[in-house]
>>> print(open('protein_25.pdb').read())   # PDB, C-alpha atoms and all ligand atoms
ATOM      1  CA  GLU I1095       4.531   4.441 -15.529
ATOM      2  CA  ASN I1096       4.665   1.050 -13.907
ATOM      3  CA  ASN I1097       3.619  -0.603 -17.109
ATOM      4  CA  ASN I1098       6.771  -2.536 -17.550
ATOM      5  CA  GLU I1099       8.147  -5.812 -16.461
ATOM      6  CA  SER I1100      11.475  -4.740 -14.993
ATOM      7  CA  VAL I1101       9.832  -2.065 -12.838
ATOM      8  CA  ASP I1102       7.268  -4.609 -11.627
ATOM      9  CA  ASN I1103      10.036  -7.084 -10.840
ATOM     10  CA  ARG I1104      11.843  -4.506  -8.749
ATOM     11  CA  LEU I1105       8.649  -3.505  -6.948
ATOM     12  CA  LEU I1106       7.988  -7.166  -6.215
ATOM     13  CA  GLU I1107      11.466  -7.455  -4.696
ATOM     14  CA  VAL I1108      10.693  -4.453  -2.477
ATOM     15  CA  CYS I1109       7.456  -6.119  -1.327
ATOM     16  CA  ASN I1110       9.171  -9.435  -0.648
ATOM     17  CA  LEU I1111      12.030  -7.798   1.248
ATOM     18  CA  LEU I1112       9.709  -5.789   3.493
ATOM     19  CA  GLN I1113       7.373  -8.712   4.137
ATOM     20  CA  GLU I1114      10.234 -11.101   4.942
ATOM     21  CA  THR I1115      12.287  -8.768   7.131
ATOM     22  CA  ILE I1116       9.698  -6.907   9.194
ATOM     23  CA  SER I1117       7.852  -9.391  11.353
ATOM     24  CA  TYR I1118       4.595  -7.446  11.612
ATOM     25  CA  TYR I1119       4.388  -6.688   7.850
ATOM     26  CA  ASP I1120       2.221  -9.635   6.791
ATOM     27  CA  TRP I1121       0.953  -8.361   3.443
ATOM     28  CA  VAL I1122       2.814  -5.704   1.453
ATOM     29  CA  GLY I1123       1.585  -4.354  -1.867
ATOM     30  CA  PHE I1124       1.478  -1.407  -4.216
ATOM     31  CA  TYR I1125      -1.684   0.020  -5.703
ATOM     32  CA  PHE I1126      -1.527   2.508  -8.583
ATOM     33  CA  LYS I1127      -4.040   4.838 -10.172
ATOM     34  CA  ASN I1128      -5.570   2.921 -13.070
ATOM     35  CA  GLY I1129      -4.972   5.138 -16.084
ATOM     36  CA  ASP I1130      -7.507   7.957 -16.208
ATOM     37  CA  LYS I1131     -10.026   6.075 -14.086
ATOM     38  CA  GLU I1132     -11.010   7.104 -10.572
ATOM     39  CA  GLU I1133      -9.815   3.790  -9.194
ATOM     40  CA  LEU I1134      -6.746   1.963  -7.927
ATOM     41  CA  LYS I1135      -5.318  -1.157  -9.488
ATOM     42  CA  LEU I1136      -3.248  -3.703  -7.577
ATOM     43  CA  GLY I1137       0.405  -3.881  -8.589
ATOM     44  CA  PRO I1138       3.143  -6.125  -7.206
ATOM     45  CA  TYR I1139       2.523  -7.573  -3.735
ATOM     46  CA  ALA I1140       3.846 -10.119  -1.243
ATOM     47  CA  GLY I1141       1.461 -12.225   0.832
ATOM     48  CA  GLU I1142      -1.851 -13.921   0.227
ATOM     49  CA  PRO I1143      -3.650 -13.115  -3.030
ATOM     50  CA  THR I1144      -6.510 -10.640  -2.628
ATOM     51  CA  ASP I1145      -9.814 -10.349  -4.490
ATOM     52  CA  HIS I1146      -9.520  -6.572  -4.279
ATOM     53  CA  THR I1147      -7.466  -5.899  -7.391
ATOM     54  CA  ILE I1148      -9.538  -2.816  -8.269
ATOM     55  CA  ILE I1149     -10.556  -0.300  -5.587
ATOM     56  CA  PRO I1150     -12.679   2.768  -6.445
ATOM     57  CA  PHE I1151     -11.445   6.110  -5.119
ATOM     58  CA  GLY I1152     -13.029   6.768  -1.727
ATOM     59  CA  LYS I1153     -13.616   3.094  -0.903
ATOM     60  CA  GLY I1154     -11.739   1.393   1.902
ATOM     61  CA  ILE I1155      -8.550   2.663   3.479
ATOM     62  CA  CYS I1156      -6.742   2.591   0.133
ATOM     63  CA  GLY I1157      -9.460   4.475  -1.729
ATOM     64  CA  GLN I1158      -9.546   7.128   0.993
ATOM     65  CA  VAL I1159      -5.793   7.682   0.710
ATOM     66  CA  ALA I1160      -6.138   8.074  -3.066
ATOM     67  CA  VAL I1161      -8.328  11.098  -2.298
ATOM     68  CA  SER I1162      -6.755  12.504   0.891
ATOM     69  CA  ASN I1163      -3.082  12.313  -0.212
ATOM     70  CA  GLU I1164      -2.238  11.538   3.425
ATOM     71  CA  ASN I1165      -0.921   8.589   5.363
ATOM     72  CA  PHE I1166      -3.623   6.460   6.956
ATOM     73  CA  VAL I1167      -2.653   4.396   9.993
ATOM     74  CA  VAL I1168      -5.323   1.987  11.241
ATOM     75  CA  PRO I1169      -4.481   0.451  14.641
ATOM     76  CA  ASP I1170      -7.666  -1.661  14.651
ATOM     77  CA  VAL I1171      -9.394  -2.446  11.369
ATOM     78  CA  ALA I1172     -12.548  -3.602  13.203
ATOM     79  CA  ALA I1173     -13.103  -0.003  14.313
ATOM     80  CA  GLN I1174     -13.232   1.310  10.701
ATOM     81  CA  ASP I1175     -16.541   1.591   8.887
ATOM     82  CA  ASN I1176     -15.029   2.366   5.459
ATOM     83  CA  TYR I1177     -12.755  -0.648   5.305
ATOM     84  CA  ILE I1178     -12.334  -3.463   2.760
ATOM     85  CA  ALA I1179     -11.353  -6.740   4.424
ATOM     86  CA  CYS I1180      -8.868  -8.817   2.464
ATOM     87  CA  SER I1181      -8.291 -11.457   5.115
ATOM     88  CA  ILE I1182      -9.924 -12.204   8.444
ATOM     89  CA  THR I1183      -6.492 -12.506  10.079
ATOM     90  CA  VAL I1184      -5.694  -8.816   9.504
ATOM     91  CA  LYS I1185      -5.787  -6.601  12.604
ATOM     92  CA  ALA I1186      -4.143  -3.375  11.448
ATOM     93  CA  GLU I1187      -3.195  -1.531   8.279
ATOM     94  CA  ILE I1188      -1.018   1.338   7.091
ATOM     95  CA  VAL I1189      -1.301   3.057   3.717
ATOM     96  CA  VAL I1190       1.223   5.677   2.576
ATOM     97  CA  PRO I1191       0.692   7.587  -0.675
ATOM     98  CA  LEU I1192       3.317   7.509  -3.422
ATOM     99  CA  PHE I1193       4.016  10.802  -5.154
ATOM    100  CA  LEU I1194       5.609  11.354  -8.542
ATOM    101  CA  ASN I1195       6.356  14.993  -9.363
ATOM    102  CA  GLY I1196       4.019  15.999  -6.538
ATOM    103  CA  GLU I1197       1.113  13.919  -7.833
ATOM    104  CA  ASN I1198      -0.459  11.093  -5.821
ATOM    105  CA  ILE I1199      -0.101   8.206  -8.275
ATOM    106  CA  GLY I1200      -0.488   5.253  -5.918
ATOM    107  CA  GLN I1201       0.398   3.906  -2.536
ATOM    108  CA  ILE I1202       2.081   1.239  -0.501
ATOM    109  CA  ASP I1203      -0.370  -0.791   1.567
ATOM    110  CA  ILE I1204       0.647  -2.986   4.491
ATOM    111  CA  ASP I1205      -1.581  -5.310   6.482
ATOM    112  CA  SER I1206      -0.582  -6.693   9.864
ATOM    113  CA  ASN I1207      -1.916  -9.628  11.824
ATOM    114  CA  THR I1208      -0.584  -7.907  14.961
ATOM    115  CA  PRO I1209      -2.874  -5.380  16.684
ATOM    116  CA  ASP I1210      -1.700  -1.732  16.658
ATOM    117  CA  PRO I1211       1.878  -2.364  15.459
ATOM    118  CA  PHE I1212       2.532   0.767  13.357
ATOM    119  CA  THR I1213       4.381   3.812  14.699
ATOM    120  CA  GLU I1214       5.555   7.098  13.242
ATOM    121  CA  ALA I1215       8.811   5.303  12.459
ATOM    122  CA  ASP I1216       6.882   3.094  10.021
ATOM    123  CA  GLU I1217       5.355   6.180   8.425
ATOM    124  CA  ARG I1218       8.760   7.857   7.984
ATOM    125  CA  PHE I1219      10.308   4.610   6.708
ATOM    126  CA  LEU I1220       7.522   3.941   4.185
ATOM    127  CA  GLU I1221       7.630   7.559   2.977
ATOM    128  CA  PHE I1222      11.336   6.973   2.336
ATOM    129  CA  VAL I1223      10.623   3.694   0.521
ATOM    130  CA  ASN I1224       8.013   5.396  -1.676
ATOM    131  CA  GLN I1225      10.362   8.250  -2.471
ATOM    132  CA  LYS I1226      12.981   5.732  -3.613
ATOM    133  CA  VAL I1227      10.368   3.788  -5.583
ATOM    134  CA  SER I1228       9.192   6.947  -7.361
ATOM    135  CA  GLN I1229      12.719   7.336  -8.721
ATOM    136  CA  ILE I1230      12.553   4.010 -10.589
ATOM    137  CA  LEU I1231       9.078   4.443 -12.099
TER
HETATM  138  N1  LIG W1301      -7.873  -3.165   3.365
HETATM  139  C1  LIG W1301      -7.750  -2.336   2.192
HETATM  140  C2  LIG W1301      -7.983  -3.120   0.933
HETATM  141  C3  LIG W1301      -6.742  -3.693   0.362
HETATM  142  S1  LIG W1301      -6.252  -5.124   1.184
HETATM  143  O1  LIG W1301      -5.740  -4.647   2.526
HETATM  144  C4  LIG W1301      -4.953  -5.804   0.401
HETATM  145  C5  LIG W1301      -8.709  -1.175   2.261
HETATM  146  O2  LIG W1301      -9.557  -1.109   3.156
HETATM  147  O3  LIG W1301      -8.631  -0.325   1.379
END
>>> encode(input="protein_25.pdb", output="structure tokens")
Amino acid sequence: ENNNESVDNRLLEVCNLLQETISYYDWVGFYFKNGDKEELKLGPYAGEPTDHTIIPFGKGICGQVAVSNENFVVPDVAAQDNYIACSITVKAEIVVPLFLNGENIGQIDIDSNTPDPFTEADERFLEFVNQKVSQIL
């Protein structure tokens, strides 16, 4: 899964489209389970490069979602104690798990420079995006 150039190109297009068209989506990326390891690995993304290309399960918002299998909406990142900062401009984050055949294999992660921008509509929309993405993996 996701170990091929054409899939990565299509995922990159998804990231670029979301980041360019939704004003409060400032960084958009996919993380995927790294083989058999209990960690996430950064896949295609749009926005500033991040140092956090590997995230252990349980660490940060992303690592927590890898374990919980549930959406995580963070209206104010400063209020989170288990949070990995990628950029000081980020105010809010949403992470939605990506399932393939019922298994949590990764996630879409979005950072916003706008405080508290994410609604249930974003959750439903990103669940839809992930469902579509799972069909091309
Ligand atoms: N903030 C994330 C780390 C990934 S960066 O947002 C790209 C977290 O706490 O898991």
>>> residues_around(input="protein_25.pdb", residues="Leu1106 of chain I", least_positions_apart="6", cutoff="9 Å", atoms="only C-alpha atoms", output="list of chain:residue names")
I:Gly1123, I:Phe1124, I:Gly1137, I:Pro1138, I:Tyr1139, I:Ala1140
>>> residues_near_ligand(input="protein_25.pdb", ligand="ligand LIG 1301 (chain W)", cutoff="7 Å", atoms="only C-alpha atoms and all ligand atoms", output="count of residues only")
16
>>> resolve_selection(input="protein_25.pdb", expression="the PyMOL selection byres (((chain I and resi 1195) around 12) and not hetatm)", output="NGL selection string")
:I and (1192-1194 or 1196-1199 or 1225 or 1228-1229 or 1231)
>>> atom_distance(input="protein_25.pdb", atom1="atom CA of Asn1103 of chain I", atom2="atom CA of Val1184 of chain I")
25.8 Å
>>> residues_around(input="protein_25.pdb", residues="Ala1215 of chain I", least_positions_apart="6", cutoff="12 Å", atoms="all atoms listed in the file", output="list of chain:residue names")
I:Val1167, I:Ile1188, I:Glu1221, I:Phe1222
>>> resolve_selection(input="protein_25.pdb", expression="the PyMOL selection byres (((chain I and resi 1132) around 10) and not hetatm)", output="PDB file with C-alpha atoms, in the coordinates of the input")
ATOM      1  CA  LYS I1127      -4.040   4.838 -10.172  1.00  0.00           C
ATOM      2  CA  ASN I1128      -5.570   2.921 -13.070  1.00  0.00           C
ATOM      3  CA  GLY I1129      -4.972   5.138 -16.084  1.00  0.00           C
ATOM      4  CA  ASP I1130      -7.507   7.957 -16.208  1.00  0.00           C
ATOM      5  CA  LYS I1131     -10.026   6.075 -14.086  1.00  0.00           C
ATOM      6  CA  GLU I1133      -9.815   3.790  -9.194  1.00  0.00           C
ATOM      7  CA  LEU I1134      -6.746   1.963  -7.927  1.00  0.00           C
ATOM      8  CA  ILE I1149     -10.556  -0.300  -5.587  1.00  0.00           C
ATOM      9  CA  PRO I1150     -12.679   2.768  -6.445  1.00  0.00           C
ATOM     10  CA  PHE I1151     -11.445   6.110  -5.119  1.00  0.00           C
ATOM     11  CA  GLY I1152     -13.029   6.768  -1.727  1.00  0.00           C
ATOM     12  CA  GLY I1157      -9.460   4.475  -1.729  1.00  0.00           C
ATOM     13  CA  ALA I1160      -6.138   8.074  -3.066  1.00  0.00           C
ATOM     14  CA  VAL I1161      -8.328  11.098  -2.298  1.00  0.00           C
TER      15      VAL I1161
END
>>> closest_residue(input="protein_25.pdb", among="I:Val1227, I:Ile1202, I:Ala1186, I:Leu1105", to="Asn1165 of chain I", atoms="all atoms listed in the file")
I:Ile1202
>>> atom_distance(input="protein_25.pdb", atom1="atom CA of Lys1185 of chain I", atom2="atom CA of Arg1104 of chain I")
27.8 Å
>>> atom_distance(input="protein_25.pdb", atom1="atom CA of Tyr1119 of chain I", atom2="atom CA of Ser1206 of chain I")
5.4 Å
>>> closest_residue(input="protein_25.pdb", among="I:Val1168, I:Ile1148, I:Leu1112, I:Val1101", to="Thr1208 of chain I", atoms="all atoms listed in the file")
I:Val1168
>>> build_atoms(input="protein_25.pdb", residues="segment 1182-1209 of chain I", atoms="N, CA and C atoms", output="PDB file, in the coordinates of the input")
ATOM      1  N   ILE I1182      -9.383 -12.313   7.081  1.00  0.00           N
ATOM      2  CA  ILE I1182      -9.924 -12.204   8.444  1.00  0.00           C
ATOM      3  C   ILE I1182      -8.822 -12.184   9.496  1.00  0.00           C
ATOM      4  N   THR I1183      -7.593 -12.512   9.104  1.00  0.00           N
ATOM      5  CA  THR I1183      -6.492 -12.506  10.079  1.00  0.00           C
ATOM      6  C   THR I1183      -5.913 -11.103  10.296  1.00  0.00           C
ATOM      7  N   VAL I1184      -6.288 -10.153   9.433  1.00  0.00           N
ATOM      8  CA  VAL I1184      -5.694  -8.816   9.504  1.00  0.00           C
ATOM      9  C   VAL I1184      -6.280  -8.016  10.665  1.00  0.00           C
ATOM     10  N   LYS I1185      -5.373  -7.408  11.449  1.00  0.00           N
ATOM     11  CA  LYS I1185      -5.787  -6.601  12.604  1.00  0.00           C
ATOM     12  C   LYS I1185      -5.546  -5.110  12.401  1.00  0.00           C
ATOM     13  N   ALA I1186      -4.547  -4.778  11.590  1.00  0.00           N
ATOM     14  CA  ALA I1186      -4.143  -3.375  11.448  1.00  0.00           C
ATOM     15  C   ALA I1186      -3.626  -3.137  10.042  1.00  0.00           C
ATOM     16  N   GLU I1187      -3.607  -1.861   9.647  1.00  0.00           N
ATOM     17  CA  GLU I1187      -3.195  -1.531   8.279  1.00  0.00           C
ATOM     18  C   GLU I1187      -2.533  -0.159   8.265  1.00  0.00           C
ATOM     19  N   ILE I1188      -1.588   0.011   7.348  1.00  0.00           N
ATOM     20  CA  ILE I1188      -1.018   1.338   7.091  1.00  0.00           C
ATOM     21  C   ILE I1188      -0.943   1.535   5.584  1.00  0.00           C
ATOM     22  N   VAL I1189      -1.367   2.708   5.143  1.00  0.00           N
ATOM     23  CA  VAL I1189      -1.301   3.057   3.717  1.00  0.00           C
ATOM     24  C   VAL I1189      -0.594   4.406   3.609  1.00  0.00           C
ATOM     25  N   VAL I1190       0.432   4.458   2.770  1.00  0.00           N
ATOM     26  CA  VAL I1190       1.223   5.677   2.576  1.00  0.00           C
ATOM     27  C   VAL I1190       1.225   6.014   1.090  1.00  0.00           C
ATOM     28  N   PRO I1191       0.759   7.230   0.742  1.00  0.00           N
ATOM     29  CA  PRO I1191       0.692   7.587  -0.675  1.00  0.00           C
ATOM     30  C   PRO I1191       2.071   7.700  -1.321  1.00  0.00           C
ATOM     31  N   LEU I1192       2.081   7.451  -2.640  1.00  0.00           N
ATOM     32  CA  LEU I1192       3.317   7.509  -3.422  1.00  0.00           C
ATOM     33  C   LEU I1192       3.176   8.663  -4.418  1.00  0.00           C
ATOM     34  N   PHE I1193       4.091   9.604  -4.314  1.00  0.00           N
ATOM     35  CA  PHE I1193       4.016  10.802  -5.154  1.00  0.00           C
ATOM     36  C   PHE I1193       5.078  10.763  -6.243  1.00  0.00           C
ATOM     37  N   LEU I1194       4.660  11.151  -7.445  1.00  0.00           N
ATOM     38  CA  LEU I1194       5.609  11.354  -8.542  1.00  0.00           C
ATOM     39  C   LEU I1194       5.397  12.773  -9.052  1.00  0.00           C
ATOM     40  N   ASN I1195       6.450  13.571  -8.988  1.00  0.00           N
ATOM     41  CA  ASN I1195       6.356  14.993  -9.363  1.00  0.00           C
ATOM     42  C   ASN I1195       5.191  15.677  -8.645  1.00  0.00           C
ATOM     43  N   GLY I1196       5.035  15.359  -7.362  1.00  0.00           N
ATOM     44  CA  GLY I1196       4.019  15.999  -6.538  1.00  0.00           C
ATOM     45  C   GLY I1196       2.608  15.448  -6.702  1.00  0.00           C
ATOM     46  N   GLU I1197       2.447  14.490  -7.595  1.00  0.00           N
ATOM     47  CA  GLU I1197       1.113  13.919  -7.833  1.00  0.00           C
ATOM     48  C   GLU I1197       0.979  12.568  -7.139  1.00  0.00           C
ATOM     49  N   ASN I1198      -0.162  12.364  -6.484  1.00  0.00           N
ATOM     50  CA  ASN I1198      -0.459  11.093  -5.821  1.00  0.00           C
ATOM     51  C   ASN I1198      -0.821  10.055  -6.881  1.00  0.00           C
ATOM     52  N   ILE I1199       0.125   9.164  -7.180  1.00  0.00           N
ATOM     53  CA  ILE I1199      -0.101   8.206  -8.275  1.00  0.00           C
ATOM     54  C   ILE I1199      -0.365   6.789  -7.773  1.00  0.00           C
ATOM     55  N   GLY I1200      -0.270   6.600  -6.458  1.00  0.00           N
ATOM     56  CA  GLY I1200      -0.488   5.253  -5.918  1.00  0.00           C
ATOM     57  C   GLY I1200      -0.151   5.215  -4.450  1.00  0.00           C
ATOM     58  N   GLN I1201       0.181   4.047  -3.981  1.00  0.00           N
ATOM     59  CA  GLN I1201       0.398   3.906  -2.536  1.00  0.00           C
ATOM     60  C   GLN I1201       1.046   2.566  -2.229  1.00  0.00           C
ATOM     61  N   ILE I1202       1.677   2.523  -1.066  1.00  0.00           N
ATOM     62  CA  ILE I1202       2.081   1.239  -0.501  1.00  0.00           C
ATOM     63  C   ILE I1202       1.087   0.916   0.603  1.00  0.00           C
ATOM     64  N   ASP I1203       0.653  -0.328   0.624  1.00  0.00           N
ATOM     65  CA  ASP I1203      -0.370  -0.791   1.567  1.00  0.00           C
ATOM     66  C   ASP I1203       0.203  -1.974   2.340  1.00  0.00           C
ATOM     67  N   ILE I1204       0.139  -1.889   3.658  1.00  0.00           N
ATOM     68  CA  ILE I1204       0.647  -2.986   4.491  1.00  0.00           C
ATOM     69  C   ILE I1204      -0.421  -3.411   5.482  1.00  0.00           C
ATOM     70  N   ASP I1205      -0.664  -4.713   5.509  1.00  0.00           N
ATOM     71  CA  ASP I1205      -1.581  -5.310   6.482  1.00  0.00           C
ATOM     72  C   ASP I1205      -0.762  -6.040   7.538  1.00  0.00           C
ATOM     73  N   SER I1206      -1.254  -5.975   8.780  1.00  0.00           N
ATOM     74  CA  SER I1206      -0.582  -6.693   9.864  1.00  0.00           C
ATOM     75  C   SER I1206      -1.564  -7.567  10.607  1.00  0.00           C
ATOM     76  N   ASN I1207      -1.117  -8.740  10.979  1.00  0.00           N
ATOM     77  CA  ASN I1207      -1.916  -9.628  11.824  1.00  0.00           C
ATOM     78  C   ASN I1207      -1.714  -9.318  13.300  1.00  0.00           C
ATOM     79  N   THR I1208      -0.848  -8.368  13.592  1.00  0.00           N
ATOM     80  CA  THR I1208      -0.584  -7.907  14.961  1.00  0.00           C
ATOM     81  C   THR I1208      -1.429  -6.663  15.225  1.00  0.00           C
ATOM     82  N   PRO I1209      -2.100  -6.588  16.383  1.00  0.00           N
ATOM     83  CA  PRO I1209      -2.874  -5.380  16.684  1.00  0.00           C
ATOM     84  C   PRO I1209      -1.977  -4.165  16.943  1.00  0.00           C
TER      85      PRO I1209
END
